[in-house]
$ cat upload_16.tsv   # TSV, C-alpha atoms
chain	number	residue	atom	x	y	z
L	1	MET	CA	-63.89	-49.98	-153.18
L	2	ALA	CA	-63.67	-50.63	-149.43
L	3	GLU	CA	-62.88	-47.97	-146.88
L	4	PRO	CA	-59.11	-47.64	-146.10
L	5	ILE	CA	-59.44	-49.00	-142.55
L	6	LEU	CA	-61.53	-51.96	-143.73
L	7	GLU	CA	-59.05	-52.61	-146.54
L	8	ALA	CA	-56.19	-52.56	-144.00
L	9	LEU	CA	-58.06	-55.09	-141.82
L	10	ILE	CA	-58.60	-57.40	-144.79
L	11	GLU	CA	-54.94	-57.13	-145.80
L	12	SER	CA	-53.88	-57.86	-142.21
L	13	LEU	CA	-56.05	-60.99	-142.10
L	14	ARG	CA	-54.54	-62.13	-145.41
L	15	ARG	CA	-51.17	-62.45	-143.68
L	16	LEU	CA	-52.44	-65.57	-141.94
L	17	PRO	CA	-51.44	-68.83	-143.63
L	18	GLY	CA	-54.07	-70.22	-146.00
L	19	VAL	CA	-56.20	-67.07	-145.92
L	20	GLY	CA	-56.96	-65.52	-149.28
L	21	VAL	CA	-58.84	-62.36	-150.17
L	22	LYS	CA	-62.33	-63.86	-149.93
L	23	SER	CA	-61.68	-65.58	-146.60
L	24	ALA	CA	-60.15	-62.41	-145.18
L	25	GLN	CA	-63.17	-60.41	-146.33
L	26	ARG	CA	-65.57	-62.92	-144.76
L	27	MET	CA	-63.70	-62.77	-141.46
L	28	ALA	CA	-63.53	-58.97	-141.44
L	29	PHE	CA	-67.22	-58.55	-142.33
L	30	HIS	CA	-68.26	-61.19	-139.78
L	31	LEU	CA	-66.30	-59.57	-136.96
L	32	LEU	CA	-67.54	-56.08	-137.77
L	33	GLN	CA	-71.15	-57.03	-138.44
L	34	HIS	CA	-71.84	-59.90	-136.02
L	35	ASP	CA	-69.12	-60.07	-133.36
L	36	ARG	CA	-67.60	-56.73	-132.42
L	37	GLU	CA	-66.94	-58.05	-128.91
L	38	GLY	CA	-65.02	-60.96	-130.43
L	39	ALA	CA	-63.11	-58.51	-132.61
L	40	GLU	CA	-62.12	-56.53	-129.51
L	41	ARG	CA	-61.00	-59.71	-127.72
L	42	LEU	CA	-59.00	-60.79	-130.76
L	43	ALA	CA	-57.32	-57.39	-131.06
L	44	ASN	CA	-56.49	-57.31	-127.33
L	45	SER	CA	-55.18	-60.89	-127.35
L	46	LEU	CA	-52.96	-60.23	-130.36
L	47	GLN	CA	-51.65	-57.01	-128.83
L	48	SER	CA	-50.91	-58.74	-125.53
L	49	ALA	CA	-49.24	-61.73	-127.20
L	50	VAL	CA	-47.03	-59.59	-129.42
L	51	HIS	CA	-45.77	-57.63	-126.42
L	52	ARG	CA	-45.53	-60.41	-123.81
L	53	ILE	CA	-44.64	-63.65	-125.62
L	54	ARG	CA	-40.96	-64.36	-126.20
L	55	HIS	CA	-38.68	-67.33	-126.85
L	56	CYS	CA	-37.58	-69.57	-124.00
L	57	ASP	CA	-33.89	-69.09	-123.18
L	58	ARG	CA	-33.37	-72.87	-123.09
L	59	CYS	CA	-35.55	-74.45	-125.75
L	60	HIS	CA	-36.74	-71.50	-127.90
L	61	THR	CA	-40.45	-72.27	-127.67
L	62	PHE	CA	-42.93	-69.49	-126.89
L	63	THR	CA	-43.25	-68.38	-123.28
L	64	GLU	CA	-44.12	-65.37	-121.17
L	65	GLY	CA	-41.11	-65.80	-118.88
L	66	ALA	CA	-37.41	-66.25	-119.50
L	67	VAL	CA	-37.82	-70.04	-119.30
L	68	CYS	CA	-40.93	-71.99	-120.31
L	69	SER	CA	-42.94	-74.25	-118.01
L	70	THR	CA	-41.73	-77.38	-119.81
L	71	CYS	CA	-38.07	-76.55	-119.18
L	72	LEU	CA	-38.87	-75.74	-115.53
L	73	ASP	CA	-40.79	-79.01	-114.97
L	74	ALA	CA	-38.53	-81.16	-112.76
L	75	SER	CA	-40.66	-84.25	-113.48
L	76	ARG	CA	-39.58	-84.29	-117.14
L	77	ASP	CA	-36.79	-86.62	-118.27
L	78	ALA	CA	-33.71	-84.45	-118.95
L	79	ARG	CA	-31.98	-87.45	-120.58
L	80	LEU	CA	-34.27	-87.09	-123.62
L	81	LEU	CA	-34.13	-84.09	-125.94
L	82	CYS	CA	-36.61	-83.86	-128.81
L	83	VAL	CA	-35.75	-81.49	-131.68
L	84	VAL	CA	-38.71	-79.94	-133.51
L	85	GLU	CA	-39.01	-77.23	-136.14
L	86	THR	CA	-41.65	-75.00	-134.55
L	87	PRO	CA	-43.56	-74.38	-131.31
L	88	ALA	CA	-46.62	-75.78	-133.12
L	89	ASP	CA	-44.76	-79.07	-133.66
L	90	GLN	CA	-43.86	-79.15	-129.96
L	91	ALA	CA	-47.50	-78.52	-129.03
L	92	ALA	CA	-48.58	-81.40	-131.29
L	93	LEU	CA	-46.17	-83.80	-129.57
L	94	GLU	CA	-47.31	-82.59	-126.15
L	95	ARG	CA	-50.95	-83.26	-127.04
L	96	THR	CA	-50.11	-86.95	-127.52
L	97	GLY	CA	-49.21	-87.23	-123.84
L	98	SER	CA	-46.62	-89.88	-124.73
L	99	TYR	CA	-43.40	-87.85	-124.46
L	100	ARG	CA	-42.07	-86.61	-121.12
L	101	GLY	CA	-38.60	-85.41	-122.12
L	102	MET	CA	-37.25	-81.96	-122.95
L	103	TYR	CA	-37.37	-80.02	-126.24
L	104	PHE	CA	-35.28	-77.85	-128.51
L	105	VAL	CA	-37.24	-75.77	-131.04
L	106	LEU	CA	-35.29	-74.85	-134.18
L	107	MET	CA	-37.71	-72.13	-135.29
L	108	GLY	CA	-37.48	-73.41	-138.84
L	109	HIS	CA	-35.47	-75.74	-141.05
L	110	LEU	CA	-32.45	-75.52	-143.30
L	111	SER	CA	-33.25	-73.93	-146.64
L	112	PRO	CA	-30.16	-72.80	-148.56
L	113	LEU	CA	-32.28	-71.41	-151.40
L	114	ASP	CA	-33.96	-69.08	-148.90
L	115	GLY	CA	-30.68	-68.23	-147.19
L	116	VAL	CA	-31.49	-70.22	-144.03
L	117	GLY	CA	-28.38	-71.96	-142.74
L	118	ALA	CA	-27.24	-73.82	-139.62
L	119	ARG	CA	-26.66	-70.58	-137.69
L	120	ASP	CA	-30.21	-69.39	-138.43
L	121	ILE	CA	-31.83	-72.46	-136.88
L	122	GLY	CA	-29.59	-72.45	-133.79
L	123	LEU	CA	-27.53	-75.55	-134.56
L	124	GLN	CA	-24.69	-74.47	-132.26
L	125	GLN	CA	-27.12	-73.85	-129.38
L	126	LEU	CA	-28.60	-77.30	-130.00
L	127	LEU	CA	-25.15	-78.90	-129.93
L	128	ASP	CA	-24.33	-77.07	-126.70
L	129	ARG	CA	-27.61	-78.11	-125.11
L	130	ALA	CA	-27.31	-81.73	-126.21
L	131	GLY	CA	-23.71	-81.89	-125.02
L	132	ASN	CA	-24.49	-80.62	-121.51
L	133	GLY	CA	-23.75	-84.02	-119.96
L	134	SER	CA	-27.32	-84.98	-119.01
L	135	VAL	CA	-28.73	-85.70	-122.49
L	136	GLU	CA	-28.45	-89.37	-123.49
L	137	GLU	CA	-30.70	-89.42	-126.56
L	138	VAL	CA	-31.69	-86.78	-129.08
L	139	ILE	CA	-34.91	-87.48	-130.95
L	140	VAL	CA	-35.00	-85.63	-134.26
L	141	ALA	CA	-38.64	-84.81	-134.98
L	142	THR	CA	-38.34	-82.50	-137.97
L	143	ASN	CA	-40.99	-82.66	-140.67
L	144	PHE	CA	-40.82	-85.27	-143.41
L	145	THR	CA	-40.33	-82.70	-146.15
L	146	ALA	CA	-37.18	-82.32	-148.25
L	147	GLU	CA	-36.05	-79.45	-146.02
L	148	GLY	CA	-36.96	-81.32	-142.84
L	149	GLU	CA	-35.07	-84.41	-143.98
L	150	ALA	CA	-31.99	-82.32	-144.87
L	151	THR	CA	-32.18	-80.60	-141.49
L	152	ALA	CA	-32.51	-83.96	-139.71
L	153	HIS	CA	-29.47	-85.30	-141.57
L	154	VAL	CA	-27.26	-82.32	-140.70
L	155	ILE	CA	-28.35	-82.41	-137.05
L	156	ALA	CA	-27.88	-86.18	-136.76
L	157	GLU	CA	-24.38	-86.08	-138.27
L	158	ALA	CA	-23.30	-83.22	-136.00
L	159	LEU	CA	-24.66	-84.95	-132.90
L	160	LYS	CA	-23.25	-88.37	-133.79
L	161	ALA	CA	-19.83	-86.76	-134.28
L	162	ARG	CA	-20.06	-85.73	-130.62
L	163	GLY	CA	-20.89	-89.27	-129.54
L	164	LEU	CA	-24.57	-88.73	-128.82
L	165	ARG	CA	-27.31	-91.26	-129.52
L	166	VAL	CA	-29.62	-89.89	-132.21
L	167	THR	CA	-32.99	-91.32	-133.22
L	168	ARG	CA	-35.58	-90.14	-135.75
L	169	LEU	CA	-39.35	-90.19	-135.48
L	170	ALA	CA	-40.75	-93.25	-137.21
L	171	ARG	CA	-42.83	-92.73	-140.30
L	172	GLY	CA	-45.32	-94.96	-141.94
L	173	VAL	CA	-48.93	-95.75	-142.65
L	174	PRO	CA	-51.34	-93.71	-140.50
L	175	ILE	CA	-53.57	-95.63	-138.10
L	176	GLY	CA	-57.01	-96.26	-139.57
L	177	SER	CA	-55.94	-95.78	-143.18
L	178	GLU	CA	-56.36	-98.14	-146.09
L	179	LEU	CA	-53.23	-98.99	-148.05
L	180	GLU	CA	-54.77	-98.31	-151.45
L	181	TYR	CA	-55.27	-94.65	-150.47
L	182	VAL	CA	-51.84	-94.05	-148.87
L	183	ASP	CA	-49.23	-92.34	-151.05
L	184	LEU	CA	-46.46	-94.60	-152.40
L	185	GLY	CA	-43.65	-92.75	-150.62
L	186	THR	CA	-45.27	-93.36	-147.24
L	187	ILE	CA	-45.77	-97.05	-148.01
L	188	ALA	CA	-42.14	-97.37	-149.16
L	189	HIS	CA	-40.84	-95.76	-145.95
L	190	ALA	CA	-43.14	-97.93	-143.84
L	191	LEU	CA	-41.67	-101.03	-145.47
L	192	VAL	CA	-38.09	-99.88	-144.91
L	193	ASP	CA	-38.77	-98.82	-141.31
L	194	ARG	CA	-40.88	-101.88	-140.45
L	195	ARG	CA	-40.45	-103.47	-137.02

$ encode --input "upload_16.tsv" --output "structure tokens"
Amino acid sequence: MAEPILEALIESLRRLPGVGVKSAQRMAFHLLQHDREGAERLANSLQSAVHRIRHCDRCHTFTEGAVCSTCLDASRDARLLCVVETPADQAALERTGSYRGMYFVLMGHLSPLDGVGARDIGLQQLLDRAGNGSVEEVIVATNFTAEGEATAHVIAEALKARGLRVTRLARGVPIGSELEYVDLGTIAHALVDRR
């Protein structure tokens, strides 16, 4: 049986998504045996992030200040508002370098079975932000899961009822893939959404 402090470290590492007991043990043993300096840096970074990172007052992404750098960037197109589920989704879109509008981060998706409703994802704040007079198009970029699709539908209906133009990220066959290896649902959507 492991020492209590070591066991606590392993259990803490298991909280990370996709990390099971064996992976958590490997990480803990590696940090303690081979990279104590890295362990110190990791601990300090986590401590600092937990105490200093908050949600942006405008878009809800992660930031150290009241408003994130994206929302403060005057060169971004305020006529475009992209709705994503998480800060990680926003970061993925930013890495493409192809979107220069603003964002609204839902911090999740609708999930009635889990008790997550429209209030929990900030639907009213989104409607207020989109209806501020400068937004011309809202791009719904929720995930293509059942929950993401349901969330996209609710958002789109609410925004359309307010007279806003709503678009959805396109979906289809990934670049560089071979059709025989693409799942049938993706092929079906690519055919329906063809251009």

$ closest_residue --input "upload_16.tsv" --among "L:Ser23, L:Leu169, L:Phe104, L:Thr142" --to "His55 (chain L)" --atoms "only C-alpha atoms"
L:Phe104

$ closest_atom_pairs --input "upload_16.tsv" --of "region 56-112 of chain L" --to "region 150-160 of chain L" --cutoff "12 Å" --atoms "all atoms listed in the file" --output "JSON lines"
{"residue": "L:Leu81", "atom": "CA", "partner": "L:Leu159", "partner_atom": "CA", "distance": 11.8}
{"residue": "L:Cys82", "atom": "CA", "partner": "L:Ala152", "partner_atom": "CA", "distance": 11.6}
{"residue": "L:Val83", "atom": "CA", "partner": "L:Ala152", "partner_atom": "CA", "distance": 9.0}
{"residue": "L:Val84", "atom": "CA", "partner": "L:Ala152", "partner_atom": "CA", "distance": 9.6}
{"residue": "L:Glu85", "atom": "CA", "partner": "L:Thr151", "partner_atom": "CA", "distance": 9.3}
{"residue": "L:Phe104", "atom": "CA", "partner": "L:Ile155", "partner_atom": "CA", "distance": 11.9}
{"residue": "L:Leu106", "atom": "CA", "partner": "L:Thr151", "partner_atom": "CA", "distance": 9.8}
{"residue": "L:Met107", "atom": "CA", "partner": "L:Thr151", "partner_atom": "CA", "distance": 11.9}
{"residue": "L:Gly108", "atom": "CA", "partner": "L:Thr151", "partner_atom": "CA", "distance": 9.3}
{"residue": "L:His109", "atom": "CA", "partner": "L:Thr151", "partner_atom": "CA", "distance": 5.9}
{"residue": "L:Leu110", "atom": "CA", "partner": "L:Thr151", "partner_atom": "CA", "distance": 5.4}
{"residue": "L:Ser111", "atom": "CA", "partner": "L:Thr151", "partner_atom": "CA", "distance": 8.5}
{"residue": "L:Pro112", "atom": "CA", "partner": "L:Ala150", "partner_atom": "CA", "distance": 10.4}

$ closest_residue --input "upload_16.tsv" --among "L:Ala8, L:Ala24, L:Val166, L:Val135" --to "Leu80 (chain L)" --atoms "all atoms listed in the file"
L:Val135

$ axis_aligned_box --input "upload_16.tsv" --around "region 59-72 of chain L" --padding-each-side "5 Å" --output "lines of an AutoDock Vina configuration file"
center_x = -39.8
center_y = -71.4
center_z = -121.7
size_x = 18.6
size_y = 22.0
size_z = 22.4

$ residues_around --input "upload_16.tsv" --residues "Thr186 (chain L)" --least-positions-apart "3" --cutoff "8 Å" --atoms "only C-alpha atoms" --output "MDAnalysis selection string"
chainID L and resid 171:173 182:183 189:190
